[in-house]
$ cat model_20.txt   # compact mmCIF, C-alpha atoms
# COMPACT_ATOMS: atom_id res chain seq x y z
CA MET A 100 87.71 -58.23 -7.70
CA SER A 101 91.45 -58.69 -7.90
CA SER A 102 92.88 -62.08 -8.74
CA THR A 103 95.64 -62.04 -6.12
CA PRO A 104 94.11 -61.38 -2.72
CA LYS A 105 96.25 -59.34 -0.40
CA LYS A 106 96.88 -60.29 3.18
CA LEU A 107 95.17 -58.12 5.74
CA PRO A 108 97.23 -57.12 8.76
CA VAL A 109 96.30 -59.04 11.88
CA ARG A 110 95.41 -57.13 14.97
CA GLY A 111 97.29 -57.72 18.17
CA GLY A 112 100.40 -59.48 16.96
CA ASP A 113 102.88 -56.73 17.58
CA ARG A 114 101.59 -54.86 20.58
CA LYS A 115 101.25 -55.05 24.31
CA PRO A 116 97.69 -55.43 25.54
CA ALA A 117 95.94 -52.10 25.59
CA ARG A 118 94.23 -50.70 28.60
CA VAL A 119 91.18 -48.52 28.83
CA ARG A 120 91.87 -45.45 30.85
CA PRO A 121 90.16 -45.19 34.17
CA TYR A 122 87.33 -42.77 34.29
CA SER A 123 89.14 -39.46 34.49
CA LEU A 124 86.66 -36.76 33.68
CA THR A 125 84.29 -35.06 36.02
CA GLY A 126 81.42 -36.90 34.41
CA GLY A 127 80.06 -33.65 33.08
CA ARG A 128 78.16 -33.08 36.27
CA THR A 129 77.24 -29.61 37.42
CA ARG A 130 77.31 -28.47 41.00
CA PHE A 131 73.63 -29.21 41.34
CA GLY A 132 73.92 -32.60 39.80
CA HIS A 133 72.89 -31.96 36.22
CA VAL A 134 74.54 -34.33 33.84
CA LEU A 135 75.78 -32.64 30.69
CA LEU A 136 76.48 -35.25 28.05
CA VAL A 137 77.05 -34.16 24.47
CA GLU A 138 73.45 -35.06 23.59
CA THR A 139 71.86 -33.59 26.72
CA PHE A 140 69.05 -31.19 25.90
CA VAL A 141 68.98 -27.72 27.41
CA ALA A 142 66.72 -24.72 26.82
CA ALA A 143 66.41 -21.22 28.17
CA LEU A 144 63.84 -20.71 30.91
CA ASP A 145 63.05 -17.16 29.95
CA ALA A 146 64.76 -16.11 26.75
CA PRO A 147 65.06 -12.44 25.84
CA GLU A 148 64.17 -10.99 22.46
CA GLU A 149 66.24 -12.59 19.78
CA ARG A 150 69.22 -10.55 18.64
CA ARG A 151 70.67 -12.55 15.86
CA GLU A 152 73.46 -10.18 14.94
CA LEU A 153 75.03 -10.69 18.31
CA THR A 154 75.39 -14.42 18.02
CA ASN A 155 76.84 -14.07 14.59
CA GLY A 156 80.52 -14.82 14.25
CA SER A 157 83.23 -16.82 15.91
CA LEU A 158 84.31 -16.71 19.50
CA ALA A 159 87.00 -14.17 18.72
CA THR A 160 84.81 -11.67 16.90
CA ARG A 161 81.54 -12.09 18.66
CA VAL A 162 80.37 -9.07 20.57
CA MET A 163 78.10 -10.93 22.87
CA PRO A 164 79.50 -12.48 26.01
CA GLU A 165 79.47 -16.26 25.89
CA MET A 166 76.83 -16.64 28.55
CA ARG A 167 74.38 -14.36 26.73
CA ALA A 168 75.11 -16.09 23.45
CA ILE A 169 74.30 -19.45 24.98
CA VAL A 170 71.00 -18.21 26.39
CA GLU A 171 70.14 -16.78 22.96
CA LEU A 172 70.78 -20.10 21.28
CA CYS A 173 68.72 -21.84 23.94
CA ARG A 174 65.59 -20.08 22.78
CA ARG A 175 65.29 -23.37 20.99
CA MET A 176 65.79 -26.82 22.39
CA ARG A 177 69.52 -27.43 21.97
CA THR A 178 72.03 -30.11 22.80
CA VAL A 179 75.33 -29.41 24.52
CA ALA A 180 77.24 -30.43 21.40
CA GLU A 181 75.14 -28.18 19.21
CA ILE A 182 75.86 -25.15 21.39
CA ALA A 183 79.58 -25.88 21.31
CA ALA A 184 79.52 -26.25 17.54
CA LEU A 185 77.44 -23.16 16.80
CA LEU A 186 79.48 -20.93 19.10
CA LYS A 187 82.75 -22.57 18.06
CA MET A 188 83.71 -23.16 21.64
CA PRO A 189 85.38 -26.27 23.06
CA LEU A 190 82.97 -28.74 24.64
CA GLY A 191 84.60 -28.50 28.03
CA VAL A 192 84.17 -24.73 28.15
CA VAL A 193 80.54 -24.95 27.09
CA ARG A 194 79.87 -27.48 29.82
CA VAL A 195 81.25 -25.20 32.48
CA LEU A 196 79.22 -22.23 31.21
CA LEU A 197 76.05 -24.30 30.91
CA SER A 198 76.60 -25.58 34.39
CA ASP A 199 76.80 -22.02 35.69
CA LEU A 200 73.74 -20.96 33.71
CA ALA A 201 71.78 -23.91 35.07
CA ASP A 202 72.84 -23.10 38.61
CA GLN A 203 71.73 -19.49 38.05
CA GLY A 204 68.34 -20.65 36.82
CA LYS A 205 68.81 -19.22 33.33
CA ILE A 206 68.60 -22.49 31.50
CA ARG A 207 66.93 -25.76 32.23
CA VAL A 208 68.75 -29.05 31.77
CA TYR A 209 66.29 -31.55 30.35
CA GLY A 210 68.71 -34.41 30.11
CA THR A 211 68.47 -37.23 27.62
CA GLY A 212 65.07 -38.61 28.60
CA HIS A 213 66.49 -41.98 29.58
CA GLY A 214 68.59 -43.34 32.41
CA PRO A 215 72.31 -42.74 32.78
CA GLY A 216 73.32 -46.17 31.48
CA GLN A 217 72.95 -47.71 28.05
CA PRO A 218 69.43 -47.53 26.61
CA ASP A 219 67.03 -50.27 27.67
CA ARG A 220 65.32 -52.69 25.31
CA ALA A 221 62.17 -50.62 24.94
CA LEU A 222 64.15 -47.62 23.78
CA LEU A 223 66.30 -49.71 21.43
CA GLU A 224 63.12 -51.13 19.89
CA ARG A 225 61.85 -47.61 19.29
CA VAL A 226 65.13 -46.60 17.64
CA LEU A 227 64.98 -49.69 15.43
CA SER A 228 61.47 -48.91 14.24
CA GLY A 229 62.41 -45.29 13.69
CA LEU A 230 65.38 -46.31 11.54
CA ARG A 231 63.25 -48.76 9.57
CA ARG A 232 60.84 -45.97 8.69
CA LEU A 233 63.60 -43.83 7.14
CA MET B 408 99.72 -30.03 11.85
CA ASP B 409 98.49 -32.73 14.10
CA SER B 410 95.77 -30.44 15.30
CA VAL B 411 93.82 -31.40 12.24
CA VAL B 412 92.33 -34.71 13.18
CA SER B 413 89.04 -34.58 11.38
CA ASP B 414 88.47 -35.41 7.79
CA ALA B 415 85.71 -32.82 7.63
CA SER B 416 86.28 -29.79 5.51
CA PRO B 417 87.60 -27.20 7.93
CA GLY B 418 85.99 -23.90 8.67
CA VAL B 419 82.45 -22.87 8.17
CA SER B 420 79.91 -24.71 10.16
CA PRO B 421 76.47 -23.38 9.42
CA LEU B 422 75.92 -20.83 12.14
CA LEU B 423 72.28 -21.35 12.80
CA ASP B 424 70.09 -24.02 11.40
CA ASP B 425 67.39 -21.66 10.17
CA GLU B 426 67.84 -22.90 6.64
CA GLU B 427 67.19 -26.42 7.75
CA GLN B 428 63.69 -27.64 8.19
CA LEU B 429 62.79 -27.09 11.82
CA GLN B 430 61.53 -30.08 13.73
CA ALA B 431 58.57 -29.53 16.01
CA TRP B 432 60.52 -30.55 19.11
CA GLN B 433 63.06 -27.80 18.51
CA THR B 434 60.62 -25.00 19.16
CA ASP B 435 58.86 -26.55 22.15
CA ARG B 436 60.82 -25.53 25.21
CA THR B 437 58.42 -27.18 27.62
CA ARG B 438 59.51 -30.72 26.88
CA ALA B 439 62.59 -32.32 25.40
CA PRO B 440 62.66 -35.38 23.19
CA ILE B 441 64.58 -38.48 24.16
CA ALA B 442 68.17 -38.13 22.98
CA THR B 443 70.07 -41.21 21.89
CA LYS B 444 73.47 -41.44 20.27
CA ILE B 445 75.70 -43.71 18.27
CA VAL B 446 79.44 -43.21 18.10
CA VAL B 447 81.23 -43.63 14.77
CA ALA B 448 84.94 -44.21 15.29
CA GLY B 449 87.72 -44.88 12.87
CA GLY B 450 91.00 -43.68 11.44
CA PHE B 451 91.65 -40.50 9.54
CA GLY B 452 89.93 -40.36 6.16
CA VAL B 453 87.99 -43.59 6.61
CA GLY B 454 84.69 -41.85 5.90
CA LYS B 455 83.24 -40.99 9.31
CA THR B 456 82.09 -37.57 8.18
CA THR B 457 80.68 -39.01 4.98
CA LEU B 458 78.71 -41.61 6.90
CA VAL B 459 77.29 -39.00 9.24
CA SER B 460 76.42 -36.60 6.37
CA THR B 461 74.70 -39.33 4.39
CA VAL B 462 71.93 -39.85 6.93
CA SER B 463 71.92 -36.62 8.93
CA GLU B 464 68.94 -34.29 8.57
CA ILE B 465 71.19 -31.32 9.32
CA THR B 466 74.50 -30.37 7.77
CA PRO B 467 76.90 -32.03 10.20
CA LEU B 468 78.26 -29.74 12.86
CA GLN B 469 81.72 -29.83 14.32
CA THR B 470 82.64 -29.60 17.97
CA GLU B 471 86.07 -29.38 19.42
CA ALA B 472 87.66 -30.61 22.57
CA LEU B 473 91.07 -29.59 23.79
CA MET B 474 93.59 -32.26 24.58
CA THR B 475 96.12 -31.10 27.13
CA GLU B 476 99.39 -32.40 28.47
CA ALA B 477 97.37 -34.82 30.58
CA SER B 478 97.45 -37.21 27.69
CA GLU B 479 101.20 -37.13 27.25
CA GLU B 480 101.51 -40.69 28.44
CA THR B 481 99.73 -41.99 25.39
CA ASP B 482 100.42 -39.24 22.93
CA ASP B 483 103.79 -39.22 21.27
CA LEU B 484 104.96 -35.63 21.53
CA THR B 485 108.55 -36.23 20.51
CA ASP B 486 108.04 -34.64 17.13
CA THR B 487 106.29 -31.61 18.53
CA PRO B 488 107.74 -31.09 22.00
CA GLU B 489 106.51 -27.50 22.18
CA LYS B 490 102.95 -28.48 21.56
CA LEU B 491 101.02 -29.21 24.73
CA THR B 492 97.48 -28.91 23.53
CA THR B 493 95.82 -30.40 20.53
CA THR B 494 92.38 -29.76 19.20
CA VAL B 495 90.29 -32.82 18.58
CA ALA B 496 87.42 -32.30 16.21
CA MET B 497 84.25 -34.32 16.33
CA ASP B 498 81.51 -34.19 13.71
CA PHE B 499 77.96 -34.93 14.51
CA GLY B 500 74.67 -35.21 12.74
CA ARG B 501 71.09 -35.73 13.77
CA ILE B 502 68.13 -37.90 12.75
CA THR B 503 64.68 -37.21 14.16
CA LEU B 504 63.16 -40.70 14.47
CA ASP B 505 59.86 -39.67 16.02
CA ASP B 506 58.27 -36.50 17.47
CA ASP B 507 59.94 -37.28 20.77
CA LEU B 508 62.95 -39.35 19.74
CA VAL B 509 66.17 -38.05 18.26
CA LEU B 510 69.28 -39.98 17.30
CA TYR B 511 72.67 -38.26 17.20
CA LEU B 512 75.66 -39.65 15.35
CA PHE B 513 79.06 -38.63 16.62
CA GLY B 514 82.08 -39.19 14.41
CA THR B 515 85.26 -39.30 16.42
CA PRO B 516 88.90 -39.97 15.57
CA GLY B 517 90.05 -43.43 16.47
CA GLN B 518 93.60 -43.05 17.63
CA GLN B 519 94.45 -44.19 21.12
CA ARG B 520 95.40 -40.67 22.15
CA PHE B 521 91.77 -39.63 21.88
CA TRP B 522 90.48 -42.22 24.32
CA PHE B 523 90.39 -39.55 27.00
CA MET B 524 87.31 -38.06 25.40
CA TRP B 525 85.60 -41.31 24.60
CA ASP B 526 84.93 -42.23 28.22
CA ASP B 527 82.68 -39.24 28.28
CA LEU B 528 81.34 -39.61 24.75
CA VAL B 529 80.22 -43.22 25.08
CA ARG B 530 78.26 -42.76 28.30
CA GLY B 531 74.66 -43.64 27.57
CA ALA B 532 75.38 -44.45 23.92
CA ILE B 533 73.51 -47.18 22.06
CA GLY B 534 76.80 -48.43 20.69
CA ALA B 535 79.63 -47.74 18.31
CA VAL B 536 80.26 -48.29 14.63
CA VAL B 537 83.95 -48.92 14.06
CA LEU B 538 84.55 -47.79 10.51
CA ALA B 539 87.38 -49.55 8.70
CA ASP B 540 89.18 -49.26 5.38
CA THR B 541 90.82 -52.51 4.31
CA ARG B 542 93.70 -50.59 2.76
CA ARG B 543 94.56 -49.30 6.23
CA LEU B 544 92.93 -51.83 8.46
CA ALA B 545 95.33 -51.22 11.34
CA ASP B 546 93.86 -47.73 11.78
CA CYS B 547 90.79 -49.24 13.40
CA PHE B 548 92.64 -51.49 15.87
CA PRO B 549 92.74 -48.91 18.70
CA ALA B 550 89.00 -48.26 18.42
CA LEU B 551 88.32 -52.00 18.62
CA ASP B 552 90.57 -52.31 21.67
CA TYR B 553 88.67 -49.54 23.33
CA PHE B 554 85.16 -50.79 22.67
CA GLU B 555 86.09 -54.37 23.52
CA SER B 556 87.19 -53.34 26.97
CA SER B 557 84.50 -50.74 27.54
CA GLY B 558 81.64 -53.18 27.14
CA LEU B 559 79.78 -50.87 24.75
CA PRO B 560 77.99 -52.76 21.96
CA TYR B 561 79.92 -52.25 18.72
CA MET B 562 80.14 -53.46 15.17
CA VAL B 563 82.62 -53.19 12.33
CA ALA B 564 81.57 -51.44 9.14
CA VAL B 565 84.04 -51.76 6.30
CA ASN B 566 83.63 -48.70 4.12
CA HIS B 567 84.26 -50.07 0.67
CA PHE B 568 86.08 -47.56 -1.51
CA ASP B 569 85.80 -47.64 -5.28
CA GLY B 570 88.73 -49.44 -6.79
CA SER B 571 89.90 -50.99 -3.56
CA GLU B 572 90.01 -54.72 -3.19
CA ARG B 573 86.83 -56.28 -1.86
CA PHE B 574 87.20 -58.61 1.10
CA GLU B 575 84.61 -60.91 2.58
CA PRO B 576 83.29 -59.96 6.01
CA GLU B 577 84.71 -63.19 7.42
CA ASP B 578 88.21 -62.30 6.18
CA VAL B 579 87.94 -58.99 7.95
CA ARG B 580 86.57 -60.64 11.09
CA GLU B 581 89.49 -63.03 11.15
CA ALA B 582 92.05 -60.29 10.63
CA LEU B 583 90.48 -58.23 13.38
CA THR B 584 90.19 -61.26 15.68
CA ILE B 585 86.70 -60.34 16.77
CA PRO B 586 84.10 -62.84 17.98
CA ALA B 587 81.36 -64.20 15.74
CA ARG B 588 78.59 -62.35 17.59
CA ILE B 589 79.99 -58.95 16.56
CA PRO B 590 78.41 -57.81 13.28
CA VAL B 591 80.81 -57.12 10.41
CA MET B 592 79.42 -55.45 7.30
CA ILE B 593 80.86 -54.29 4.03
CA MET B 594 79.11 -51.03 3.25
CA ASP B 595 79.30 -47.74 1.38
CA ALA B 596 79.22 -44.64 3.57
CA ARG B 597 77.99 -42.54 0.63
CA ARG B 598 74.81 -44.55 0.21
CA ARG B 599 71.93 -43.74 2.51
CA ILE B 600 70.44 -47.24 2.39
CA SER B 601 73.80 -48.74 3.21
CA VAL B 602 74.32 -46.44 6.19
CA ILE B 603 70.81 -47.10 7.51
CA GLU B 604 71.40 -50.87 7.21
CA THR B 605 74.61 -50.42 9.16
CA LEU B 606 72.85 -48.50 11.93
CA LEU B 607 70.08 -51.13 12.00
CA ALA B 608 72.71 -53.85 12.43
CA LEU B 609 74.28 -52.00 15.34
CA VAL B 610 71.02 -51.26 17.13
CA GLY B 611 69.86 -54.85 16.54
CA HIS B 612 73.11 -56.09 18.04
CA ALA B 613 72.73 -53.74 21.00
CA LEU B 614 69.25 -55.18 21.53
CA ASP B 615 70.64 -58.74 21.41
CA VAL B 616 73.15 -58.02 24.17
CA THR B 617 70.85 -55.95 26.37
CA PRO B 618 69.24 -57.99 29.15
CA GLU B 619 65.47 -58.10 29.52
CA GLN B 620 65.50 -56.79 33.04
CA PRO B 621 66.65 -53.25 33.67
CA ARG B 622 69.74 -53.10 35.81

$ encode --input "model_20.txt" --output "structure tokens"
Amino acid sequence: MSSTPKKLPVRGGDRKPARVRPYSLTGGRTRFGHVLLVETFVAALDAPEERRELTNGSLATRVMPEMRAIVELCRRMRTVAEIAALLKMPLGVVRVLLSDLADQGKIRVYGTGHGPGQPDRALLERVLSGLRRL
Amino acid sequence: MDSVVSDASPGVSPLLDDEEQLQAWQTDRTRAPIATKIVVAGGFGVGKTTLVSTVSEITPLQTEALMTEASEETDDLTDTPEKLTTTVAMDFGRITLDDDLVLYLFGTPGQQRFWFMWDDLVRGAIGAVVLADTRRLADCFPALDYFESSGLPYMVAVNHFDGSERFEPEDVREALTIPARIPVMIMDARRRISVIETLLALVGHALDVTPEQPR
């Protein structure tokens, strides 16, 4: 486009080598070994009648205790991140509450449907075909 | 304030997704679909939220994580010594790829001080799109450093902004000092086709580097 190309800055010239932090989190694991990644699916085992007005509003104004609100939301299949976003609660807090709810048998942790590591080739192929169909 | 780290419009996230078209898997509590995710990392204002919105079937949602004093070592707090916690916002969107296969896209800020949450975020991910703006190329350096050392498949997507100078992918590759096998694409985060091509390039690359035999 322009006639006088600008120089792009070159990475790495002016810094010390960076280091990836060692694994420092709990791994999102509940007491009973459920893994709660952001995309982990959870759903209520036995959801009560829906009471929409109680889940309405932010953490500060909501009248329903967090645990009840989570179970309400889990009347549908939800991810950990979705619950945090809809209830406007930090991810870490939601993980702890979900962990407690799972341990109490109120919700079921379905997981991600694939192993703990990076997806295998079969799954990647499925994602590729899915994206191609969009 | 440095608590604002997302380029998403602040405030209202849609409370419930009743207005959105419900997918069949959402109402079936007896079985969950397979959940996959791709991380989109990059500097402030580079277009992460735009990219996610362009292909997401839901209005992107925002989650927050709290950063505490634990990250002081990497976070420069000299300007705000009283501030010990920072909120890090992450936007995410969703694409249902099949009745039992869902892809999530997580947009996350790229500064080194947010690495603490990436270790957790990248677990099980297909890979990462490092989004770059050639006017502020250095903003994506920390994300590259991270993904290079983490071993997660990644690619570089240069979000081309109207009126900004257009560079060739190879110029960008050279400036970023990344190997030839890493895909570099010039794209437009506002265009659906362009975003899908970018995701295809990443997943294709992930496939290339994934061994035949399961570990």

$ closest_residue --input "model_20.txt" --among "B:Thr437, B:Leu607, B:Ala472, B:Ser463" --to "Asp527 in chain B" --atoms "only C-alpha atoms"
B:Ala472

$ closest_residue --input "model_20.txt" --among "A:Ala180, A:Leu136, A:Val141, A:Leu107" --to "Glu575 in chain B" --atoms "all atoms listed in the file"
A:Leu107

$ residues_around --input "model_20.txt" --residues "Pro189 in chain A" --least-positions-apart "2" --cutoff "9 Å" --atoms "all atoms listed in the file" --output "PyMOL selection string"
(chain A and resi 183-184+186-187+191-194) or (chain B and resi 470-473+494)

$ write_last_selection --input "model_20.txt" --atoms "C-alpha atoms" --output "PDB file, in the coordinates of the input"
ATOM      1  CA  ALA A 183      79.580 -25.880  21.310  1.00  0.00           C
ATOM      2  CA  ALA A 184      79.520 -26.250  17.540  1.00  0.00           C
ATOM      3  CA  LEU A 186      79.480 -20.930  19.100  1.00  0.00           C
ATOM      4  CA  LYS A 187      82.750 -22.570  18.060  1.00  0.00           C
ATOM      5  CA  GLY A 191      84.600 -28.500  28.030  1.00  0.00           C
ATOM      6  CA  VAL A 192      84.170 -24.730  28.150  1.00  0.00           C
ATOM      7  CA  VAL A 193      80.540 -24.950  27.090  1.00  0.00           C
ATOM      8  CA  ARG A 194      79.870 -27.480  29.820  1.00  0.00           C
TER       9      ARG A 194
ATOM     10  CA  THR B 470      82.640 -29.600  17.970  1.00  0.00           C
ATOM     11  CA  GLU B 471      86.070 -29.380  19.420  1.00  0.00           C
ATOM     12  CA  ALA B 472      87.660 -30.610  22.570  1.00  0.00           C
ATOM     13  CA  LEU B 473      91.070 -29.590  23.790  1.00  0.00           C
ATOM     14  CA  THR B 494      92.380 -29.760  19.200  1.00  0.00           C
TER      15      THR B 494
END

$ closest_residue --input "model_20.txt" --among "B:Val453, B:Ile441, B:Val579, B:Leu508" --to "Met592 in chain B" --atoms "all atoms listed in the file"
B:Val579

$ closest_residue --input "model_20.txt" --among "A:Val134, A:Arg231, A:Gly212, A:Leu222" --to "chain B" --atoms "all atoms listed in the file"
A:Gly212

$ atom_distance --input "model_20.txt" --atom1 "CA of Met497 in chain B" --atom2 "CA of Trp525 in chain B"
10.9 Å

$ closest_atom_pairs --input "model_20.txt" --of "chain B" --to "chain A" --cutoff "7 Å" --atoms "only C-alpha atoms" --output "Markdown table"
| residue | atom | partner | partner_atom | distance |
| --- | --- | --- | --- | --- |
| B:Leu422 | CA | A:Leu185 | CA | 5.4 |
| B:Leu423 | CA | A:Leu185 | CA | 6.8 |
| B:Gln433 | CA | A:Met176 | CA | 4.8 |
| B:Thr434 | CA | A:Arg175 | CA | 5.3 |
| B:Asp435 | CA | A:Met176 | CA | 6.9 |
| B:Arg436 | CA | A:Met176 | CA | 5.9 |
| B:Ala439 | CA | A:Tyr209 | CA | 6.2 |
| B:Pro440 | CA | A:Gly212 | CA | 6.7 |
| B:Ile441 | CA | A:Gly212 | CA | 4.5 |
| B:Ala442 | CA | A:Thr211 | CA | 4.7 |
| B:Leu468 | CA | A:Ala184 | CA | 6.0 |
| B:Gln469 | CA | A:Ala184 | CA | 5.3 |
| B:Thr470 | CA | A:Ala184 | CA | 4.6 |
| B:Glu471 | CA | A:Pro189 | CA | 4.8 |
| B:Ala472 | CA | A:Pro189 | CA | 4.9 |
| B:Leu473 | CA | A:Pro189 | CA | 6.6 |
| B:Leu504 | CA | A:Gly229 | CA | 4.7 |
| B:Asp505 | CA | A:Gly229 | CA | 6.6 |
| B:Asp526 | CA | A:Tyr122 | CA | 6.5 |
| B:Asp527 | CA | A:Gly126 | CA | 6.7 |
| B:Leu528 | CA | A:Val137 | CA | 6.9 |
| B:Arg530 | CA | A:Gly216 | CA | 6.8 |
| B:Gly531 | CA | A:Gln217 | CA | 4.4 |
| B:Ala532 | CA | A:Gln217 | CA | 5.8 |
| B:Ile533 | CA | A:Gln217 | CA | 6.0 |
| B:Leu544 | CA | A:Pro108 | CA | 6.8 |
| B:Ala545 | CA | A:Pro108 | CA | 6.7 |
| B:Phe548 | CA | A:Arg110 | CA | 6.3 |
| B:Asp552 | CA | A:Ala117 | CA | 6.7 |
| B:Tyr553 | CA | A:Val119 | CA | 6.1 |
| B:Ser556 | CA | A:Val119 | CA | 6.5 |
| B:Glu572 | CA | A:Met100 | CA | 6.2 |
| B:Arg573 | CA | A:Met100 | CA | 6.2 |
| B:Ala582 | CA | A:Val109 | CA | 4.6 |
| B:Leu583 | CA | A:Arg110 | CA | 5.3 |
| B:Thr584 | CA | A:Arg110 | CA | 6.7 |
| B:Ile603 | CA | A:Leu230 | CA | 6.8 |
| B:Leu607 | CA | A:Leu227 | CA | 6.3 |
| B:Val610 | CA | A:Leu227 | CA | 6.5 |
| B:Leu614 | CA | A:Arg220 | CA | 6.0 |
| B:Thr617 | CA | A:Arg220 | CA | 6.5 |
| B:Glu619 | CA | A:Arg220 | CA | 6.9 |
| B:Pro621 | CA | A:Asp219 | CA | 6.7 |
